[in-house]
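Q: The following file, model31.cif, comprises mmCIF, C-alpha atoms:
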```
data_input
loop_
_atom_site.group_PDB
_atom_site.id
_atom_site.type_symbol
_atom_site.label_atom_id
_atom_site.label_comp_id
_atom_site.auth_asym_id
_atom_site.auth_seq_id
_atom_site.Cartn_x
_atom_site.Cartn_y
_atom_site.Cartn_z
ATOM 1 C CA MET A 1 -9.786 -13.921 -16.992
ATOM 2 C CA ASN A 2 -12.883 -13.607 -14.808
ATOM 3 C CA ASN A 3 -12.427 -17.149 -13.511
ATOM 4 C CA THR A 4 -8.812 -16.423 -12.605
ATOM 5 C CA VAL A 5 -9.691 -13.272 -10.712
ATOM 6 C CA SER A 6 -12.537 -14.998 -8.952
ATOM 7 C CA HIS A 7 -10.301 -17.872 -7.898
ATOM 8 C CA GLY A 8 -7.660 -15.451 -6.666
ATOM 9 C CA ALA A 9 -10.218 -13.589 -4.614
ATOM 10 C CA ILE A 10 -11.479 -16.735 -2.920
ATOM 11 C CA GLU A 11 -8.176 -18.505 -2.357
ATOM 12 C CA PRO A 12 -6.915 -16.399 0.612
ATOM 13 C CA HIS A 13 -10.058 -17.231 2.562
ATOM 14 C CA ALA A 14 -9.700 -20.977 2.068
ATOM 15 C CA HIS A 15 -7.135 -21.230 4.866
ATOM 16 C CA GLN A 16 -8.919 -19.016 7.405
ATOM 17 C CA ILE A 17 -10.151 -20.799 10.499
ATOM 18 C CA PHE A 18 -12.131 -17.856 11.862
ATOM 19 C CA GLU A 19 -14.430 -15.603 9.860
ATOM 20 C CA GLN A 20 -14.142 -11.875 10.462
ATOM 21 C CA SER A 21 -15.866 -10.962 13.698
ATOM 22 C CA PRO A 22 -19.048 -8.870 13.389
ATOM 23 C CA PHE A 23 -18.139 -7.199 16.699
ATOM 24 C CA ALA A 24 -15.407 -4.702 17.539
ATOM 25 C CA ILE A 25 -13.122 -7.527 18.692
ATOM 26 C CA PRO A 26 -11.066 -10.087 16.697
ATOM 27 C CA SER A 27 -12.741 -13.467 16.263
ATOM 28 C CA LYS A 28 -10.019 -15.436 18.089
ATOM 29 C CA LYS A 29 -10.138 -13.095 21.051
ATOM 30 C CA LEU A 30 -13.939 -13.272 21.115
ATOM 31 C CA ALA A 31 -13.761 -17.078 21.084
ATOM 32 C CA MET A 32 -11.382 -17.002 24.049
ATOM 33 C CA TRP A 33 -13.671 -14.690 26.025
ATOM 34 C CA LEU A 34 -16.665 -16.954 25.322
ATOM 35 C CA PHE A 35 -14.635 -19.967 26.464
ATOM 36 C CA ILE A 36 -13.637 -18.180 29.665
ATOM 37 C CA MET A 37 -17.235 -17.153 30.360
ATOM 38 C CA ALA A 38 -18.281 -20.808 30.136
ATOM 39 C CA ASP A 39 -15.381 -21.810 32.380
ATOM 40 C CA VAL A 40 -16.262 -19.132 34.943
ATOM 41 C CA MET A 41 -19.788 -20.538 35.209
ATOM 42 C CA THR A 42 -18.418 -24.071 35.565
ATOM 43 C CA LEU A 43 -16.005 -23.106 38.345
ATOM 44 C CA ALA A 44 -18.653 -20.997 40.088
ATOM 45 C CA ALA A 45 -21.062 -23.951 40.056
ATOM 46 C CA CYS A 46 -18.380 -26.262 41.484
ATOM 47 C CA LEU A 47 -17.459 -23.834 44.265
ATOM 48 C CA ALA A 48 -21.119 -23.161 45.096
ATOM 49 C CA ALA A 49 -21.881 -26.889 45.312
ATOM 50 C CA TYR A 50 -18.754 -27.361 47.418
ATOM 51 C CA GLY A 51 -19.807 -24.586 49.789
ATOM 52 C CA PHE A 52 -23.275 -26.046 50.334
ATOM 53 C CA LEU A 53 -21.819 -29.522 50.816
ATOM 54 C CA ARG A 54 -19.252 -28.301 53.325
ATOM 55 C CA ASN A 55 -21.764 -26.311 55.359
ATOM 56 C CA ALA A 56 -24.161 -29.269 55.445
ATOM 57 C CA THR A 57 -21.466 -31.638 56.785
ATOM 58 C CA PRO A 58 -20.632 -31.037 60.478
ATOM 59 C CA ASP A 59 -17.577 -33.303 60.503
ATOM 60 C CA TRP A 60 -16.025 -31.951 57.325
ATOM 61 C CA PRO A 61 -12.336 -33.023 57.200
ATOM 62 C CA ARG A 62 -9.464 -30.606 57.786
ATOM 63 C CA PRO A 63 -6.535 -32.666 56.480
ATOM 64 C CA PHE A 64 -4.025 -29.934 55.654
ATOM 65 C CA HIS A 65 -1.360 -29.507 58.350
ATOM 66 C CA GLY A 66 0.765 -27.086 56.357
ATOM 67 C CA LEU A 67 0.353 -25.021 53.224
ATOM 68 C CA THR A 68 3.971 -24.591 52.191
ATOM 69 C CA GLY A 69 3.419 -26.368 48.889
ATOM 70 C CA VAL A 70 0.284 -24.363 48.167
ATOM 71 C CA GLY A 71 2.156 -21.162 48.976
ATOM 72 C CA ILE A 72 4.952 -22.082 46.555
ATOM 73 C CA MET A 73 2.452 -22.884 43.805
ATOM 74 C CA THR A 74 0.695 -19.571 44.402
ATOM 75 C CA VAL A 75 3.960 -17.648 44.113
ATOM 76 C CA ILE A 76 4.773 -19.522 40.892
ATOM 77 C CA ILE A 77 1.427 -18.832 39.249
ATOM 78 C CA LEU A 78 1.496 -15.145 40.207
ATOM 79 C CA THR A 79 5.051 -14.850 38.883
ATOM 80 C CA THR A 80 4.125 -16.465 35.574
ATOM 81 C CA CYS A 81 1.129 -14.175 35.312
ATOM 82 C CA LEU A 82 3.447 -11.166 35.563
ATOM 83 C CA ALA A 83 5.976 -12.742 33.186
ATOM 84 C CA LEU A 84 3.402 -13.272 30.447
ATOM 85 C CA SER A 85 2.152 -9.709 30.822
ATOM 86 C CA ILE A 86 5.745 -8.536 30.272
ATOM 87 C CA ALA A 87 5.986 -10.798 27.226
ATOM 88 C CA VAL A 88 2.832 -9.325 25.700
ATOM 89 C CA GLU A 89 4.042 -5.783 26.331
ATOM 90 C CA ALA A 90 7.410 -6.591 24.711
ATOM 91 C CA ALA A 91 5.637 -8.142 21.724
ATOM 92 C CA HIS A 92 3.510 -5.027 21.216
ATOM 93 C CA GLU A 93 6.687 -2.928 21.337
ATOM 94 C CA GLY A 94 8.304 -5.114 18.681
ATOM 95 C CA ASP A 95 10.925 -6.764 20.927
ATOM 96 C CA LYS A 96 10.417 -10.276 19.647
ATOM 97 C CA LEU A 97 13.350 -11.900 21.447
ATOM 98 C CA LEU A 98 12.344 -10.532 24.864
ATOM 99 C CA ALA A 99 8.727 -11.532 24.296
ATOM 100 C CA PHE A 100 9.782 -15.055 23.360
ATOM 101 C CA ARG A 101 12.004 -15.442 26.427
ATOM 102 C CA TRP A 102 9.299 -14.295 28.854
ATOM 103 C CA THR A 103 6.742 -16.513 27.122
ATOM 104 C CA MET A 104 8.985 -19.556 27.486
ATOM 105 C CA LEU A 105 9.622 -18.666 31.138
ATOM 106 C CA THR A 106 5.877 -18.514 31.708
ATOM 107 C CA GLY A 107 5.345 -21.895 30.066
ATOM 108 C CA ALA A 108 8.140 -23.437 32.150
ATOM 109 C CA GLY A 109 6.570 -22.005 35.304
ATOM 110 C CA GLY A 110 3.239 -23.512 34.308
ATOM 111 C CA VAL A 111 4.858 -26.918 33.869
ATOM 112 C CA LEU A 112 6.493 -26.607 37.307
ATOM 113 C CA PHE A 113 3.147 -25.647 38.847
ATOM 114 C CA SER A 114 1.533 -28.724 37.252
ATOM 115 C CA VAL A 115 4.296 -31.017 38.514
ATOM 116 C CA LEU A 116 3.937 -29.693 42.081
ATOM 117 C CA HIS A 117 0.165 -30.106 41.846
ATOM 118 C CA ILE A 118 0.504 -33.730 40.719
ATOM 119 C CA ARG A 119 2.974 -34.303 43.550
ATOM 120 C CA GLU A 120 0.368 -33.011 46.002
ATOM 121 C CA TRP A 121 -2.215 -35.391 44.551
ATOM 122 C CA LEU A 122 0.190 -38.302 44.975
ATOM 123 C CA GLU A 123 0.834 -37.301 48.587
ATOM 124 C CA MET A 124 -2.898 -37.124 49.309
ATOM 125 C CA GLY A 125 -3.349 -40.515 47.658
ATOM 126 C CA ALA A 126 -0.556 -41.942 49.809
ATOM 127 C CA ARG A 127 -2.458 -40.712 52.867
ATOM 128 C CA GLY A 128 -5.427 -42.811 51.758
ATOM 129 C CA MET A 129 -7.615 -40.266 50.014
ATOM 130 C CA GLY A 130 -9.373 -41.269 46.811
ATOM 131 C CA LEU A 131 -12.128 -39.851 44.677
ATOM 132 C CA LEU A 132 -14.828 -41.656 46.669
ATOM 133 C CA HIS A 133 -13.166 -42.283 50.023
ATOM 134 C CA ASN A 134 -10.805 -40.758 52.588
ATOM 135 C CA PRO A 135 -9.614 -41.695 56.070
ATOM 136 C CA TRP A 136 -10.984 -38.551 57.742
ATOM 137 C CA GLY A 137 -14.734 -38.973 57.396
ATOM 138 C CA PRO A 138 -17.168 -37.941 54.637
ATOM 139 C CA ALA A 139 -16.326 -39.483 51.285
ATOM 140 C CA ALA A 140 -17.593 -36.355 49.537
ATOM 141 C CA PHE A 141 -14.449 -34.500 50.548
ATOM 142 C CA GLY A 142 -12.288 -36.584 48.222
ATOM 143 C CA ALA A 143 -14.601 -35.964 45.272
ATOM 144 C CA ALA A 144 -14.790 -32.234 46.006
ATOM 145 C CA TYR A 145 -11.029 -31.924 46.409
ATOM 146 C CA TYR A 146 -10.111 -33.742 43.205
ATOM 147 C CA VAL A 147 -12.787 -32.106 41.062
ATOM 148 C CA ILE A 148 -12.027 -28.528 42.097
ATOM 149 C CA THR A 149 -8.239 -28.781 42.199
ATOM 150 C CA GLY A 150 -8.364 -30.894 39.042
ATOM 151 C CA PHE A 151 -10.042 -27.952 37.322
ATOM 152 C CA SER A 152 -6.965 -25.857 38.021
ATOM 153 C CA LEU A 153 -4.483 -28.621 37.202
ATOM 154 C CA LEU A 154 -6.138 -29.437 33.875
ATOM 155 C CA HIS A 155 -6.279 -25.817 32.761
ATOM 156 C CA MET A 156 -2.707 -25.109 33.807
ATOM 157 C CA ALA A 157 -1.249 -28.252 32.199
ATOM 158 C CA LEU A 158 -3.048 -27.747 28.885
ATOM 159 C CA GLY A 159 -2.414 -24.000 28.983
ATOM 160 C CA SER A 160 1.315 -24.519 29.543
ATOM 161 C CA ALA A 161 1.578 -26.856 26.561
ATOM 162 C CA ALA A 162 -0.416 -24.456 24.384
ATOM 163 C CA LEU A 163 1.659 -21.481 25.517
ATOM 164 C CA LEU A 164 4.957 -23.205 24.708
ATOM 165 C CA ILE A 165 3.649 -24.052 21.228
ATOM 166 C CA VAL A 166 2.419 -20.496 20.668
ATOM 167 C CA GLY A 167 5.766 -19.120 21.854
ATOM 168 C CA LEU A 168 7.727 -21.303 19.443
ATOM 169 C CA ARG A 169 5.461 -20.405 16.553
ATOM 170 C CA TYR A 170 5.657 -16.757 17.505
ATOM 171 C CA ARG A 171 9.434 -16.935 17.253
ATOM 172 C CA GLY A 172 9.053 -18.619 13.862
ATOM 173 C CA GLY A 173 6.808 -15.825 12.594
ATOM 174 C CA ARG A 174 3.617 -17.846 12.366
ATOM 175 C CA TYR A 175 1.951 -16.084 15.316
ATOM 176 C CA ASN A 176 2.051 -12.440 16.376
ATOM 177 C CA SER A 177 1.528 -10.292 19.459
ATOM 178 C CA ASP A 178 -2.252 -10.726 19.256
ATOM 179 C CA ASP A 179 -1.870 -14.474 19.764
ATOM 180 C CA LEU A 180 0.277 -13.887 22.854
ATOM 181 C CA GLU A 181 -2.354 -11.469 24.145
ATOM 182 C CA ILE A 182 -5.057 -14.109 23.734
ATOM 183 C CA MET A 183 -2.961 -16.588 25.708
ATOM 184 C CA ASN A 184 -2.466 -13.903 28.349
ATOM 185 C CA ILE A 185 -6.240 -13.576 28.741
ATOM 186 C CA TYR A 186 -6.446 -17.325 29.348
ATOM 187 C CA TRP A 187 -3.523 -17.259 31.783
ATOM 188 C CA GLN A 188 -5.017 -14.405 33.798
ATOM 189 C CA PHE A 189 -8.220 -16.414 34.162
ATOM 190 C CA VAL A 190 -6.385 -19.541 35.342
ATOM 191 C CA THR A 191 -4.501 -17.428 37.891
ATOM 192 C CA LEU A 192 -7.706 -15.835 39.161
ATOM 193 C CA ALA A 193 -9.388 -19.242 39.407
ATOM 194 C CA TRP A 194 -6.515 -20.524 41.562
ATOM 195 C CA LEU A 195 -6.883 -17.538 43.903
ATOM 196 C CA PHE A 196 -10.498 -18.580 44.490
ATOM 197 C CA ILE A 197 -9.613 -22.251 44.953
ATOM 198 C CA VAL A 198 -6.888 -21.676 47.566
ATOM 199 C CA PRO A 199 -9.106 -20.177 50.298
ATOM 200 C CA ALA A 200 -12.080 -22.455 49.553
ATOM 201 C CA VAL A 201 -10.227 -25.770 49.446
ATOM 202 C CA TYR A 202 -7.043 -25.181 51.443
ATOM 203 C CA LEU A 203 -7.249 -22.262 53.890
ATOM 204 C CA MET A 204 -10.673 -23.280 55.194
ATOM 205 C CA ASN A 205 -9.511 -26.851 55.727
ATOM 206 C CA VAL A 206 -6.294 -26.349 57.663
ATOM 207 C CA ALA A 207 -6.090 -28.692 60.643
ATOM 208 C CA ARG A 208 -6.726 -26.991 63.984
#
```
Could you spell out this file's structure in structure tokens?

A:
Amino acid sequence: MNNTVSHGAIEPHAHQIFEQSPFAIPSKKLAMWLFIMADVMTLAACLAAYGFLRNATPDWPRPFHGLTGVGIMTVIILTTCLALSIAVEAAHEGDKLLAFRWTMLTGAGGVLFSVLHIREWLEMGARGMGLLHNPWGPAAFGAAYYVITGFSLLHMALGSAALLIVGLRYRGGRYNSDDLEIMNIYWQFVTLAWLFIVPAVYLMNVAR
């Protein structure tokens, strides 16, 4: 009898990925915040290095003649940010269908953003810019451009895939509103990161 009770007490914990958090915050949410803190430091280091490099290079290229594409991507990412916030609010209120629809809309917007970003990369490549060379002068510009914008593209592409999976599993009952809230924290960070990248990489390098 004692062995049966003991086994029954242990069994529920065998499938837990996260132990109970010792802080006043769920373990999965804490893990997301720690991940974002590391990402913030990474992006800050990239932007700081980019700023020093740009200021130390008198003939820094200004290859962007128009920012229509960047403007469209910015509108998309801000719209998806709002959409996911609505989804989380609906989930907390128990409206599962509405939360699912807004989550899927957010994921689709993220995919569209990623496609437009890849299209921009292809256009820059067609103009002769590579990771270690470009037709406008200092080779460092190509490396800086691809590394910093690649940070945003990578996070958005992976985040969109993860969000679509979470949304489908939320509809199936495997995930709950807390999981959508965790994805919302990630999405808010990616949106904020893009708002720092746009002025640093694009607005400051518009052709005169």

Q: What's around Phe196 in chain A at 10 Å? Count only C-alpha atoms, leave out sequence neighbours fewer than 4 positions away in its own chain, and write the answer as a ChimeraX atom specification.

A: /A:43-44,47,191-192,200-201

Q: How many Å lie between CA of Leu203 in chain A and CA of Phe64 in chain A, rounded to one decimal?

A: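 Distance between the two atoms: 8.5 Å.
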
Q: With 8 Å as the threshold, what does the neighbourhood of (3.3, -14.1, 32.2) contain in terms of residues, counting only C-alpha atoms? Coordinates are those of the file; answer as a ChimeraX atom specification.

A: /A:79-87,102-103,105-106,184,187

Q: Can you write out the residues you just picked, keeping C-alpha atoms, as a JSON list (two decimals), in the coordinates of the input?

A:
```json
[["chain", "number", "residue", "atom", "x", "y", "z"],
["A", 79, "THR", "CA", 5.05, -14.85, 38.88],
["A", 80, "THR", "CA", 4.12, -16.46, 35.57],
["A", 81, "CYS", "CA", 1.13, -14.18, 35.31],
["A", 82, "LEU", "CA", 3.45, -11.17, 35.56],
["A", 83, "ALA", "CA", 5.98, -12.74, 33.19],
["A", 84, "LEU", "CA", 3.40, -13.27, 30.45],
["A", 85, "SER", "CA", 2.15, -9.71, 30.82],
["A", 86, "ILE", "CA", 5.74, -8.54, 30.27],
["A", 87, "ALA", "CA", 5.99, -10.80, 27.23],
["A", 102, "TRP", "CA", 9.30, -14.30, 28.85],
["A", 103, "THR", "CA", 6.74, -16.51, 27.12],
["A", 105, "LEU", "CA", 9.62, -18.67, 31.14],
["A", 106, "THR", "CA", 5.88, -18.51, 31.71],
["A", 184, "ASN", "CA", -2.47, -13.90, 28.35],
["A", 187, "TRP", "CA", -3.52, -17.26, 31.78]]
```

Q: Counting only C-alpha atoms, figure out which residue out of A:Tyr175, A:Phe100, A:Trp60, A:Trp194 gets nearest to Phe151 in chain A.

A: A:Trp194

Q: Let me know the residues the PyMOL selection byres ((chain A and resi 143) around 12) catches in the file above, as a PyMOL selection string.

A: chain A and resi 46+49-50+53+129-134+138-142+144-150+201

Q: Determine the residue membership of the PyMOL selection byres ((chain A and resi 179) around 12) for the file above and supply it as a PyMOL selection string.

A: chain A and resi 26-29+32+84+87-88+91-92+99+103+162-163+165-171+173-178+180-186

Q: Between A:Val206, A:Gly69, A:Asp59, A:Val190, which has the minimum distance to Trp121 in chain A (counting only C-alpha atoms)?

A: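 Closest residue, counting only C-alpha atoms: A:Gly69.
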
Q: For the atom pair CA of Asn55 in chain A and CA of Gly128 in chain A, what is the interatomic distance in Å to one decimal place?

A: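 One can read the CA of Asn55 in chain A to CA of Gly128 in chain A distance as 23.5 Å.
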